[in-house]
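Visitor: Got a structure for you, questions after.
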Amino acid sequence: MLSGLLGPTSLLGYNRLIYVINDVFNNSIYVPLDADIANTTKIKMNLNPTISSTNPNQTTIYINGTVGYYTDFGTKFVPLANAPVYLYYGADINYVNYNPNLDPIDAMLCTYGFGANAMNLGISASSLPTPQQCQLANPAFTAQLANSDQGTYHPQYYSGNSCAPAANSLLTPLDLNCNIYGKDGNNNIPQTCGVSPVGQQEFCVPIYSNGTGVCTTQIGLIGGSALPTGIPAAAANPIPSVTTNANGVFTSNIVACGIGNADIIASFYGLPGNEPYQVTQSLLGYSAQPNPTTPQGPSGAYATFNVLNFYWAPTSASVTTQIGLYELSYGEIGALALVVLGILTVILVAYVKSGAKKLKNKNVLRHKMK
């Protein structure tokens with residue numbers, strides 16, 4: 001027996017599935033199972049990187065995607081309008097217990113610090129946050145709402161609104177200036193990064209398995225609330241998410257500095273928020289009536305209670321794109337080296353051909369002499 005708020009013939013929405021068991025004495029035993037039945041939300045996202053014509057180290061990433069679900073046995077796409085979509089760069093580092101702007105060490109340990117690598121370095125488990133403490137913030141669930149709107153992503157600007165120029169050589173080493181554990185097994189390395197040249201909070205993103213990495217502002221929620229008091233940086237976009245239009249389409253764009261790969265994550269946490277919300281349902285004794293959505297029996301046949309409608313994990317899509325341009329990152333010195341290399345290649349090819357021709361002529365001469 002199935003009863004639902006949308007009517008006895010509807011499967012979508014909040015429903016109560018009741019198993020009715022009759023014993024030998026003709027007693028009816030009700031075994032209720034409450035369930036919220038919904039179509040699974042899907043996110044499709046595309047990235048279009050556009051590299052600056054004057055700085056190969058600076059890329060504008062144009063983001064667009066659609067949010068919706070399939071019905072009619074997967075044949076019909078239904079767009080989800082006015083749906084909030086949260087965008088992250090690289091990873092979500094907003095945790096219920098750790099505000100990343102105020103506690104970047106624990107936030108990065110929650111994101112990258114677990115596993116055998118810490119044990120191999122002799123890192124004590126007591127010095128790491130526990131998995132239970134590393135619960136990601138959920139902007140659609142009241143109990144996990146804390147810190148969900150903390151915007152941490154900013155372009156790694158060198159000054160003003162521009163990225164640092166590309167290195168003059170691809171052999172220029174990375175500036176490995178931090179370690180999420182504070183040591184790499186041999187040396188003590190700072191865990192914190194401070195602020196960027198333009199005054200924004202930096203985070204230690206590990207490059208190697210020993211936790212050593214680079215300080216960057218390019219990680220986490222794109223947009224978000226104003227930064228907390230004490231962070232000497234400009235406020236982030238006060239809107240922590242983008243919203244789909246009537247066709248389920250969302251768009252955004254960001255500037256990213258560097259040369260390599262960039263991961264953009266789009267997450268949808270559910271509607272309506274915030275959870276839990278209240279649902280009115282027939283009391284168990286009246287749920288077996290022919291039409292449970294129509295009040296029957298004495299006053300108080302219905303009860304209102306909280307319902308957790310959303311799955312713990314959000315619906316997410318992750319797309320990787322290239323930022324920066326290796327071919328242009330040689331700089332003036334590299335460009336000159338390429339020209340010289342090209343000239344030397346032409347000379348070498350000409351020399352090889354000339355040597356082959358001379359060798360052939362000598363062989364012909366020897367043959368005639370014989």
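Each chain in the structure tokens gets a letter, A, B, ..., in the order shown, and its residues are numbered from 1; ligands are numbered from 1 in order too.
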Extract, using only C-alpha atoms, all DNA, RNA and protein residues at most 10 Å from A:Ile21, discarding same-chain residues fewer than 4 positions from it, and format them as a list in words.
Guide: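 Skipping anything fewer than 4 positions along the chain leaves Asn26, Asn27, Ser28, Ile29, Tyr30 and Val31 of chain A.
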Visitor: Just N, CA and C atoms for this one: save the residues we selected as a short mmCIF file (atom, residue, chain, number, x, y, z; two decimals), in the first residue's frame.
Guide:
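selection-v8.cif, written as the output of this step:
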```cif
data_model
loop_
_atom_site.label_atom_id
_atom_site.label_comp_id
_atom_site.auth_asym_id
_atom_site.auth_seq_id
_atom_site.Cartn_x
_atom_site.Cartn_y
_atom_site.Cartn_z
N ASN A 26 -6.28 -12.72 12.66
CA ASN A 26 -6.84 -11.65 11.84
C ASN A 26 -6.49 -10.26 12.37
N ASN A 27 -5.35 -10.18 13.06
CA ASN A 27 -4.85 -8.88 13.49
C ASN A 27 -4.01 -8.29 12.35
N SER A 28 -4.20 -7.02 12.07
CA SER A 28 -3.42 -6.34 11.03
C SER A 28 -2.22 -5.64 11.67
N ILE A 29 -1.08 -5.93 11.10
CA ILE A 29 0.16 -5.32 11.58
C ILE A 29 0.69 -4.42 10.48
N TYR A 30 0.83 -3.13 10.78
CA TYR A 30 1.34 -2.17 9.80
C TYR A 30 2.85 -2.00 9.98
N VAL A 31 3.57 -2.14 8.87
CA VAL A 31 5.02 -1.90 8.87
C VAL A 31 5.29 -0.76 7.90
#
```
Visitor: With only C-alpha atoms as the counted atoms, please give the residues lying no more than 7 Å from A:Gln156, apart from itself and same-chain residues fewer than 3 positions off, as number ranges by chain.
Guide: A: 163, 216-218, 257
Visitor: Could you tell me, as a PDB file with N, CA and C atoms, in the first residue's frame, which residues of stretch 41-241 of chain A DSSP assigns to helix (DSSP H, G or I) when given the backbone?
Guide:
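Result file is out_19.pdb:
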```
ATOM      1  N   PRO A 104      43.086  27.595   7.838  1.00  0.00           N
ATOM      2  CA  PRO A 104      43.498  26.948   6.584  1.00  0.00           C
ATOM      3  C   PRO A 104      44.265  25.647   6.795  1.00  0.00           C
ATOM      4  N   ILE A 105      44.934  25.496   7.933  1.00  0.00           N
ATOM      5  CA  ILE A 105      45.722  24.277   8.163  1.00  0.00           C
ATOM      6  C   ILE A 105      44.803  23.058   8.242  1.00  0.00           C
ATOM      7  N   ASP A 106      43.799  23.112   9.132  1.00  0.00           N
ATOM      8  CA  ASP A 106      42.903  21.967   9.280  1.00  0.00           C
ATOM      9  C   ASP A 106      42.063  21.742   8.021  1.00  0.00           C
ATOM     10  N   ALA A 107      41.682  22.817   7.355  1.00  0.00           N
ATOM     11  CA  ALA A 107      40.908  22.668   6.124  1.00  0.00           C
ATOM     12  C   ALA A 107      41.698  21.903   5.071  1.00  0.00           C
ATOM     13  N   MET A 108      42.988  22.192   4.944  1.00  0.00           N
ATOM     14  CA  MET A 108      43.799  21.503   3.942  1.00  0.00           C
ATOM     15  C   MET A 108      44.160  20.093   4.393  1.00  0.00           C
ATOM     16  N   LEU A 109      44.306  19.886   5.696  1.00  0.00           N
ATOM     17  CA  LEU A 109      44.536  18.524   6.183  1.00  0.00           C
ATOM     18  C   LEU A 109      43.317  17.651   5.934  1.00  0.00           C
ATOM     19  N   CYS A 110      42.116  18.207   6.111  1.00  0.00           N
ATOM     20  CA  CYS A 110      40.899  17.447   5.810  1.00  0.00           C
ATOM     21  C   CYS A 110      40.824  17.097   4.331  1.00  0.00           C
ATOM     22  N   THR A 111      41.320  17.990   3.477  1.00  0.00           N
ATOM     23  CA  THR A 111      41.214  17.802   2.034  1.00  0.00           C
ATOM     24  C   THR A 111      42.275  16.850   1.499  1.00  0.00           C
ATOM     25  N   TYR A 112      43.506  16.950   2.018  1.00  0.00           N
ATOM     26  CA  TYR A 112      44.618  16.198   1.423  1.00  0.00           C
ATOM     27  C   TYR A 112      45.430  15.369   2.419  1.00  0.00           C
ATOM     28  N   ALA A 116      48.173   6.840   3.751  1.00  0.00           N
ATOM     29  CA  ALA A 116      49.449   6.241   4.163  1.00  0.00           C
ATOM     30  C   ALA A 116      50.581   7.250   4.158  1.00  0.00           C
ATOM     31  N   ASN A 117      50.466   8.324   3.362  1.00  0.00           N
ATOM     32  CA  ASN A 117      51.563   9.281   3.274  1.00  0.00           C
ATOM     33  C   ASN A 117      51.886   9.893   4.631  1.00  0.00           C
ATOM     34  N   ALA A 118      50.851  10.256   5.381  1.00  0.00           N
ATOM     35  CA  ALA A 118      51.084  10.844   6.708  1.00  0.00           C
ATOM     36  C   ALA A 118      51.765   9.848   7.628  1.00  0.00           C
ATOM     37  N   MET A 119      51.346   8.578   7.570  1.00  0.00           N
ATOM     38  CA  MET A 119      51.945   7.559   8.422  1.00  0.00           C
ATOM     39  C   MET A 119      53.406   7.341   8.045  1.00  0.00           C
ATOM     40  N   ASN A 120      53.707   7.341   6.762  1.00  0.00           N
ATOM     41  CA  ASN A 120      55.083   7.139   6.319  1.00  0.00           C
ATOM     42  C   ASN A 120      56.002   8.272   6.760  1.00  0.00           C
ATOM     43  N   ALA A 125      48.568  10.479  14.393  1.00  0.00           N
ATOM     44  CA  ALA A 125      47.139  10.611  14.090  1.00  0.00           C
ATOM     45  C   ALA A 125      46.483  11.653  14.983  1.00  0.00           C
ATOM     46  N   SER A 126      47.008  11.835  16.175  1.00  0.00           N
ATOM     47  CA  SER A 126      46.438  12.811  17.102  1.00  0.00           C
ATOM     48  C   SER A 126      46.633  14.246  16.627  1.00  0.00           C
ATOM     49  N   SER A 127      47.585  14.445  15.723  1.00  0.00           N
ATOM     50  CA  SER A 127      47.831  15.793  15.205  1.00  0.00           C
ATOM     51  C   SER A 127      46.988  16.108  13.977  1.00  0.00           C
ATOM     52  N   THR A 142      20.414  22.395   7.329  1.00  0.00           N
ATOM     53  CA  THR A 142      20.584  23.317   8.456  1.00  0.00           C
ATOM     54  C   THR A 142      21.678  22.869   9.411  1.00  0.00           C
ATOM     55  N   ALA A 143      21.732  21.587   9.719  1.00  0.00           N
ATOM     56  CA  ALA A 143      22.702  21.093  10.697  1.00  0.00           C
ATOM     57  C   ALA A 143      24.137  21.161  10.180  1.00  0.00           C
ATOM     58  N   GLN A 144      24.330  21.305   8.877  1.00  0.00           N
ATOM     59  CA  GLN A 144      25.673  21.355   8.306  1.00  0.00           C
ATOM     60  C   GLN A 144      25.894  22.626   7.490  1.00  0.00           C
TER      61      GLN A 144
END
```
Visitor: May I have the residues within 8 Å of A:Gly220 as a short mmCIF file (atom, residue, chain, number, x, y, z; two decimals) with N, CA and C atoms, in the first residue's frame, using only C-alpha atoms and disregarding those fewer than 5 positions away in the same chain?
Guide:
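Writing done, so here's result-v4.cif:
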```cif
data_model
loop_
_atom_site.label_atom_id
_atom_site.label_comp_id
_atom_site.auth_asym_id
_atom_site.auth_seq_id
_atom_site.Cartn_x
_atom_site.Cartn_y
_atom_site.Cartn_z
N TYR A 88 33.19 25.15 -7.59
CA TYR A 88 34.45 25.05 -6.85
C TYR A 88 35.61 24.87 -7.82
N TYR A 89 36.75 25.39 -7.43
CA TYR A 89 37.98 25.23 -8.21
C TYR A 89 38.88 24.24 -7.48
N GLY A 90 39.14 23.11 -8.12
CA GLY A 90 40.05 22.12 -7.54
C GLY A 90 39.42 21.23 -6.50
N ALA A 91 38.81 21.81 -5.47
CA ALA A 91 38.22 21.02 -4.39
C ALA A 91 37.33 21.92 -3.54
N ASP A 92 36.40 21.29 -2.85
CA ASP A 92 35.58 21.98 -1.85
C ASP A 92 36.33 21.89 -0.53
N ILE A 93 36.69 23.03 0.05
CA ILE A 93 37.45 23.02 1.30
C ILE A 93 36.66 23.68 2.44
N ASN A 94 35.34 23.79 2.28
CA ASN A 94 34.50 24.35 3.34
C ASN A 94 33.98 23.22 4.23
N GLY A 151 33.72 31.91 0.56
CA GLY A 151 34.41 32.01 -0.72
C GLY A 151 35.91 32.04 -0.51
N THR A 152 36.64 31.14 -1.14
CA THR A 152 38.09 31.07 -0.97
C THR A 152 38.84 31.23 -2.28
N TYR A 153 38.15 31.03 -3.40
CA TYR A 153 38.86 31.13 -4.68
C TYR A 153 39.05 32.57 -5.10
#
```
Visitor: When DSSP works through the backbone of this structure, what residues of stretch 57-124 of chain A end up as strand (DSSP E or B), shown as a list in words?
Guide: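 Strand (DSSP E or B) members of stretch 57-124 of chain A, listed: Gln58, Thr59, Thr60, Ile61, Tyr62, Ile63, Asn64, Gly65, Thr66, Val67, Gly68, Tyr69, Tyr70, Thr71, Lys76, Phe77, Val78, Pro79, Pro84, Val85, Tyr86, Leu87, Tyr88, Tyr89 and Tyr95 of chain A.
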Visitor: Mind writing the picked residues with C-alpha atoms as a PDB file, in the first residue's frame?
Guide:
```
ATOM      1  CA  GLN A  58      46.448  34.198 -17.609  1.00  0.00           C
ATOM      2  CA  THR A  59      43.284  32.387 -18.727  1.00  0.00           C
ATOM      3  CA  THR A  60      39.609  33.261 -18.568  1.00  0.00           C
ATOM      4  CA  ILE A  61      37.498  30.133 -18.108  1.00  0.00           C
ATOM      5  CA  TYR A  62      33.931  30.446 -19.371  1.00  0.00           C
ATOM      6  CA  ILE A  63      31.630  28.001 -17.580  1.00  0.00           C
ATOM      7  CA  ASN A  64      28.237  26.854 -18.800  1.00  0.00           C
ATOM      8  CA  GLY A  65      26.073  23.867 -18.002  1.00  0.00           C
ATOM      9  CA  THR A  66      22.592  22.489 -17.546  1.00  0.00           C
ATOM     10  CA  VAL A  67      20.803  21.002 -14.554  1.00  0.00           C
ATOM     11  CA  GLY A  68      17.777  18.737 -14.810  1.00  0.00           C
ATOM     12  CA  TYR A  69      16.524  15.195 -14.756  1.00  0.00           C
ATOM     13  CA  TYR A  70      15.259  12.556 -17.177  1.00  0.00           C
ATOM     14  CA  THR A  71      11.740  11.183 -17.125  1.00  0.00           C
ATOM     15  CA  LYS A  76      12.782  13.171 -21.854  1.00  0.00           C
ATOM     16  CA  PHE A  77      15.028  15.788 -20.243  1.00  0.00           C
ATOM     17  CA  VAL A  78      13.293  18.140 -17.817  1.00  0.00           C
ATOM     18  CA  PRO A  79      15.325  21.276 -16.942  1.00  0.00           C
ATOM     19  CA  PRO A  84      21.358  27.005  -7.038  1.00  0.00           C
ATOM     20  CA  VAL A  85      24.629  25.542  -8.358  1.00  0.00           C
ATOM     21  CA  TYR A  86      27.829  25.899  -6.346  1.00  0.00           C
ATOM     22  CA  LEU A  87      31.101  26.125  -8.275  1.00  0.00           C
ATOM     23  CA  TYR A  88      34.447  25.045  -6.849  1.00  0.00           C
ATOM     24  CA  TYR A  89      37.985  25.234  -8.208  1.00  0.00           C
ATOM     25  CA  TYR A  95      33.999  22.190   6.432  1.00  0.00           C
TER      26      TYR A  95
END
```
Visitor: So, with only C-alpha atoms as the atoms that count, which of A:Pro100, A:Gly270, A:Gly213, A:Gly258 lies closest to A:Gln150?
Guide: A:Pro100
Visitor: Quick check, in Å to one decimal: how far apart do atom CA of A:Leu47 and atom CA of A:Val205 lie?
Guide: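 Atom CA of A:Val205 lies at a distance of 22.6 Å from atom CA of A:Leu47.
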Visitor: Measuring atom to atom with only C-alpha atoms, identify which of A:Ala266, A:Val96, A:Ile254, A:Val249 is nearest to A:Leu80.
Guide: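 Among the listed residues, A:Val249 lies closest to A:Leu80.
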Visitor: What's the separation between atom CA of A:Thr40 and atom CA of A:Ala317, in Å to one decimal place?
Guide: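 Separation of atom CA of A:Thr40 and atom CA of A:Ala317: 13.4 Å.
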Visitor: For each of A:Ala146, A:Ile18, A:Phe25, A:Pro49, take the minimum atom-to-atom distance to A:Asn253, counting only C-alpha atoms, then give the residue where this is smallest.
Guide: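 Closest to A:Asn253, using only C-alpha atoms: A:Pro49.
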Visitor: Go through A:Val214, A:Ala83, A:Val255, A:Val242 and flag the residue nearest A:Tyr157, using only C-alpha atoms for the distances.
Guide: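 Closest to A:Tyr157, using only C-alpha atoms: A:Val255.
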